[in-house]
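Enquirer: Before I ask anything, here is the structure I am working with.
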Amino acid sequence: MPRKKPSESLQSAVSVKNEQIKYLQEKLKLDENIVGLLVHSQGIFTGTDLVKRVHAAMDAG
Amino acid sequence: MKPGREAFLDSPVFADHLVSATGGCSFLIKCMTVFDHCYTSVVNIAEVLSACDTSEQRETAKRAFYGTGLLGMPYRYSVKMSEVLKESIDCKEGNFRDAFVITMCSEAKLPLVTYDTGRYLSLSEKFSVKLISRQEVIRKYNSVIKNKPG
């Protein structure tokens with residue numbers, strides 16, 4: 001199967017995000033901008049340091 | 001709270017959302033799709049925000065909590081928390097924050113969605129808190145997506 005061109009992958013990712021926003025906006029009855037910020041906050045931090053630090057905070061109790 | 005349709009999300013669910021690859025659907029979004037309402041507590045939010053270095057990062061991280069209900073602890077929960085804490089100390093397992101999370105779930109009658117069911121196993125059994133694993137949510141999500149109209 002041929003690999004998708006980058007532009008196609010990007011378009012597909014944008015379409016998935018838009019679908020998620022529409023679905024959650026209807027479900028949560030929240031403003032579109034708020035849901036947009038939530039959905040687009042996915043992957044906003046790079047690396048796994050944040051996860052490690054959260055686990056450390058949990059273990060610190 | 002409506003049984004089976006609402007859940008309490010543990011801190012790593014939000015942290016994972018903030019660092020997960022942007023292509024697919026994060027576990028947090030899957031939870032929001034599966035459950036009618038998702039909740040967390042001030043302690044869980046504080047844990048995620050404490051992992052940020054700057055105020056800008058904290059403001060950005062707060063976005064992961066949009067759409068999630070925030071639970072605080074009223075005075076009457078202190079009796080249950082004292083029991084959970086006593087159990088936690090007697091068994092020499094868990095810590096203050098685990099006791100807090102189990103108390104919140106027990107009093108609010110919410111199941112706890114966690115990546116680490118083993119961490120809460122003992123306290124959850126003693127205080128009748130249902131644990132929902134990552135795999136269970138993903139199974140439910142796949143079923144919801146399969147049966148979604150359109």
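Residues are referred to by chain and number: the chain letter is A, B, ... according to the order shown in the structure tokens, the number counts from 1 in that chain, and ligands are numbered separately from 1 in the order shown.
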Would you pick out the contacts of stretch 45-55 of chain A at 8 Å or less, using only C-alpha atoms, so that residues sharing its chain but fewer than 4 positions from it are not included, and give the list as number ranges by chain?
Expert: A: 59; B: 11-12, 15-16, 18-19, 47-48, 50-52
Enquirer: Please list as an mmCIF file with N, CA, C and O atoms, in the first residue's frame every residue within 10 Å of B:Thr60, counting only C-alpha atoms and excluding residues in the same chain fewer than 4 positions away.
Expert:
```cif
data_model
loop_
_atom_site.group_PDB
_atom_site.id
_atom_site.type_symbol
_atom_site.label_atom_id
_atom_site.label_comp_id
_atom_site.auth_asym_id
_atom_site.auth_seq_id
_atom_site.Cartn_x
_atom_site.Cartn_y
_atom_site.Cartn_z
ATOM 1 N N LEU A 37 -9.876 24.002 22.030
ATOM 2 C CA LEU A 37 -8.648 24.105 22.836
ATOM 3 C C LEU A 37 -8.337 22.775 23.508
ATOM 4 O O LEU A 37 -7.183 22.350 23.579
ATOM 5 N N LEU A 38 -9.391 22.100 23.989
ATOM 6 C CA LEU A 38 -9.210 20.785 24.622
ATOM 7 C C LEU A 38 -8.624 19.786 23.620
ATOM 8 O O LEU A 38 -7.596 19.153 23.884
ATOM 9 N N SER A 41 -5.124 20.497 22.519
ATOM 10 C CA SER A 41 -4.075 20.426 23.558
ATOM 11 C C SER A 41 -3.400 19.050 23.547
ATOM 12 O O SER A 41 -2.381 18.842 24.196
ATOM 13 N N ILE A 44 0.537 18.684 22.930
ATOM 14 C CA ILE A 44 1.088 20.044 22.927
ATOM 15 C C ILE A 44 2.444 20.104 23.643
ATOM 16 O O ILE A 44 3.254 20.972 23.394
ATOM 17 N N PHE A 45 2.703 19.138 24.535
ATOM 18 C CA PHE A 45 3.998 19.043 25.207
ATOM 19 C C PHE A 45 4.820 17.959 24.521
ATOM 20 O O PHE A 45 4.283 16.894 24.210
ATOM 21 N N LEU B 18 -1.589 15.336 27.032
ATOM 22 C CA LEU B 18 -0.753 16.492 26.701
ATOM 23 C C LEU B 18 0.521 16.118 25.948
ATOM 24 O O LEU B 18 1.111 16.960 25.271
ATOM 25 N N LEU B 49 -0.298 20.193 36.953
ATOM 26 C CA LEU B 49 0.263 21.545 36.848
ATOM 27 C C LEU B 49 1.630 21.643 37.527
ATOM 28 O O LEU B 49 2.481 22.422 37.107
ATOM 29 N N CYS B 52 4.667 21.193 35.311
ATOM 30 C CA CYS B 52 5.013 22.232 34.328
ATOM 31 C C CYS B 52 6.097 23.151 34.890
ATOM 32 O O CYS B 52 6.123 23.413 36.089
ATOM 33 N N THR B 54 6.859 26.433 33.603
ATOM 34 C CA THR B 54 6.580 27.878 33.537
ATOM 35 C C THR B 54 5.078 28.141 33.651
ATOM 36 O O THR B 54 4.259 27.223 33.478
ATOM 37 N N SER B 55 4.733 29.392 33.905
ATOM 38 C CA SER B 55 3.308 29.753 34.007
ATOM 39 C C SER B 55 2.623 29.590 32.647
ATOM 40 O O SER B 55 1.448 29.244 32.581
ATOM 41 N N GLU B 56 3.368 29.799 31.565
ATOM 42 C CA GLU B 56 2.801 29.608 30.224
ATOM 43 C C GLU B 56 2.437 28.139 30.022
ATOM 44 O O GLU B 56 1.373 27.818 29.486
ATOM 45 N N ALA B 64 -6.319 20.765 29.017
ATOM 46 C CA ALA B 64 -6.659 19.331 29.055
ATOM 47 C C ALA B 64 -7.839 19.061 29.990
ATOM 48 O O ALA B 64 -8.483 18.019 29.895
#
```
Enquirer: Extract, using only C-alpha atoms, all DNA, RNA and protein residues at most 9 Å from A:Ala13, discarding same-chain residues fewer than 5 positions from it, and format them as an mmCIF file with N, CA and C atoms, in the first residue's frame.
Expert:
```
data_model
loop_
_atom_site.group_PDB
_atom_site.id
_atom_site.type_symbol
_atom_site.label_atom_id
_atom_site.label_comp_id
_atom_site.auth_asym_id
_atom_site.auth_seq_id
_atom_site.Cartn_x
_atom_site.Cartn_y
_atom_site.Cartn_z
ATOM 1 N N GLU A 8 -1.705 14.892 2.476
ATOM 2 C CA GLU A 8 -2.898 14.051 2.659
ATOM 3 C C GLU A 8 -3.038 13.647 4.125
ATOM 4 N N ASN A 18 -11.474 17.824 13.584
ATOM 5 C CA ASN A 18 -12.728 18.555 13.419
ATOM 6 C C ASN A 18 -13.925 17.695 13.803
ATOM 7 N N THR B 22 -0.192 13.644 18.104
ATOM 8 C CA THR B 22 -1.413 14.390 17.776
ATOM 9 C C THR B 22 -2.277 13.733 16.699
ATOM 10 N N GLY B 23 -1.764 12.709 16.044
ATOM 11 C CA GLY B 23 -2.502 12.098 14.938
ATOM 12 C C GLY B 23 -3.832 11.480 15.308
ATOM 13 N N GLY B 24 -3.822 10.568 16.291
ATOM 14 C CA GLY B 24 -5.050 9.830 16.617
ATOM 15 C C GLY B 24 -5.883 10.497 17.686
#
```
Enquirer: Could you pull out the residues in chain A that DSSP calls alpha helix (DSSP H) from the backbone, as a PyMOL selection string?
Expert: chain A and resi 6-28+32-40+49-60
Enquirer: Grab the atom CA of B:His17 to atom CA of B:Ser124 distance for me, in Å with one decimal place.
Expert: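 Calculated distance between atom CA of B:His17 and atom CA of B:Ser124 is 24.9 Å.
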Enquirer: How many Å separate atom CA of B:Ile132 from atom CA of B:Val113?
Expert: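 Computing the Euclidean distance for atom CA of B:Ile132 and atom CA of B:Val113 yields 4.7 Å.
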Enquirer: Extract, using only C-alpha atoms, all DNA, RNA and protein residues at most 12 Å from A:Lys29, discarding same-chain residues fewer than 6 positions from it, and format them as a ChimeraX atom specification.
Expert: /A:21-23,35 /B:36-37,66-67
Enquirer: Do a neighbour search on B:Lys109 at 12 Å with only C-alpha atoms, toss out local chain neighbours closer than 3 positions, and write the hits as a ChimeraX atom specification.
Expert: /B:1-8,39,101-106,112,124,127-131
Enquirer: Between B:Asn95, B:Ser26, B:Asn147, B:Ser20, which has the minimum distance to A:Val16 (counting only C-alpha atoms)?
Expert: B:Ser26
Enquirer: With a distance cut-off of 8 Å and only C-alpha atoms, select the neighbouring residues of A:Gly61, excluding the residue or stretch itself and same-chain residues fewer than 2 positions from it, and output the selection as a ChimeraX atom specification.
Expert: /A:57-59 /B:95-98
Enquirer: Excluding B:Met73 and its own-chain neighbours fewer than 2 positions away, which residues fall within 9 Å of it when counting only C-alpha atoms? Please give them as a PyMOL selection string.
Expert: chain B and resi 41-42+71+75-78+100+104
Enquirer: Write the selection just made, keeping C-alpha atoms, as a JSON list (two decimals), in the first residue's frame?
Expert:
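Saved file again.json follows:
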```
[["chain", "number", "residue", "atom", "x", "y", "z"],
["B", 41, "SER", "CA", -10.24, 16.52, 41.60],
["B", 42, "VAL", "CA", -8.19, 19.56, 42.56],
["B", 71, "LEU", "CA", -14.68, 17.82, 42.35],
["B", 75, "TYR", "CA", -16.53, 18.59, 55.20],
["B", 76, "ARG", "CA", -18.72, 15.47, 55.36],
["B", 77, "TYR", "CA", -16.16, 13.50, 53.27],
["B", 78, "SER", "CA", -13.63, 13.84, 56.08],
["B", 100, "PHE", "CA", -7.98, 11.24, 48.83],
["B", 104, "MET", "CA", -13.65, 11.12, 46.30]]
```
Enquirer: Kindly indicate which residue among B:Glu107, B:Glu136, B:Asp53, B:Glu83 lies nearest to chain A, using only C-alpha atoms for the distances.
Expert: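 Ranked by minimum distance to chain A, first place goes to B:Asp53.
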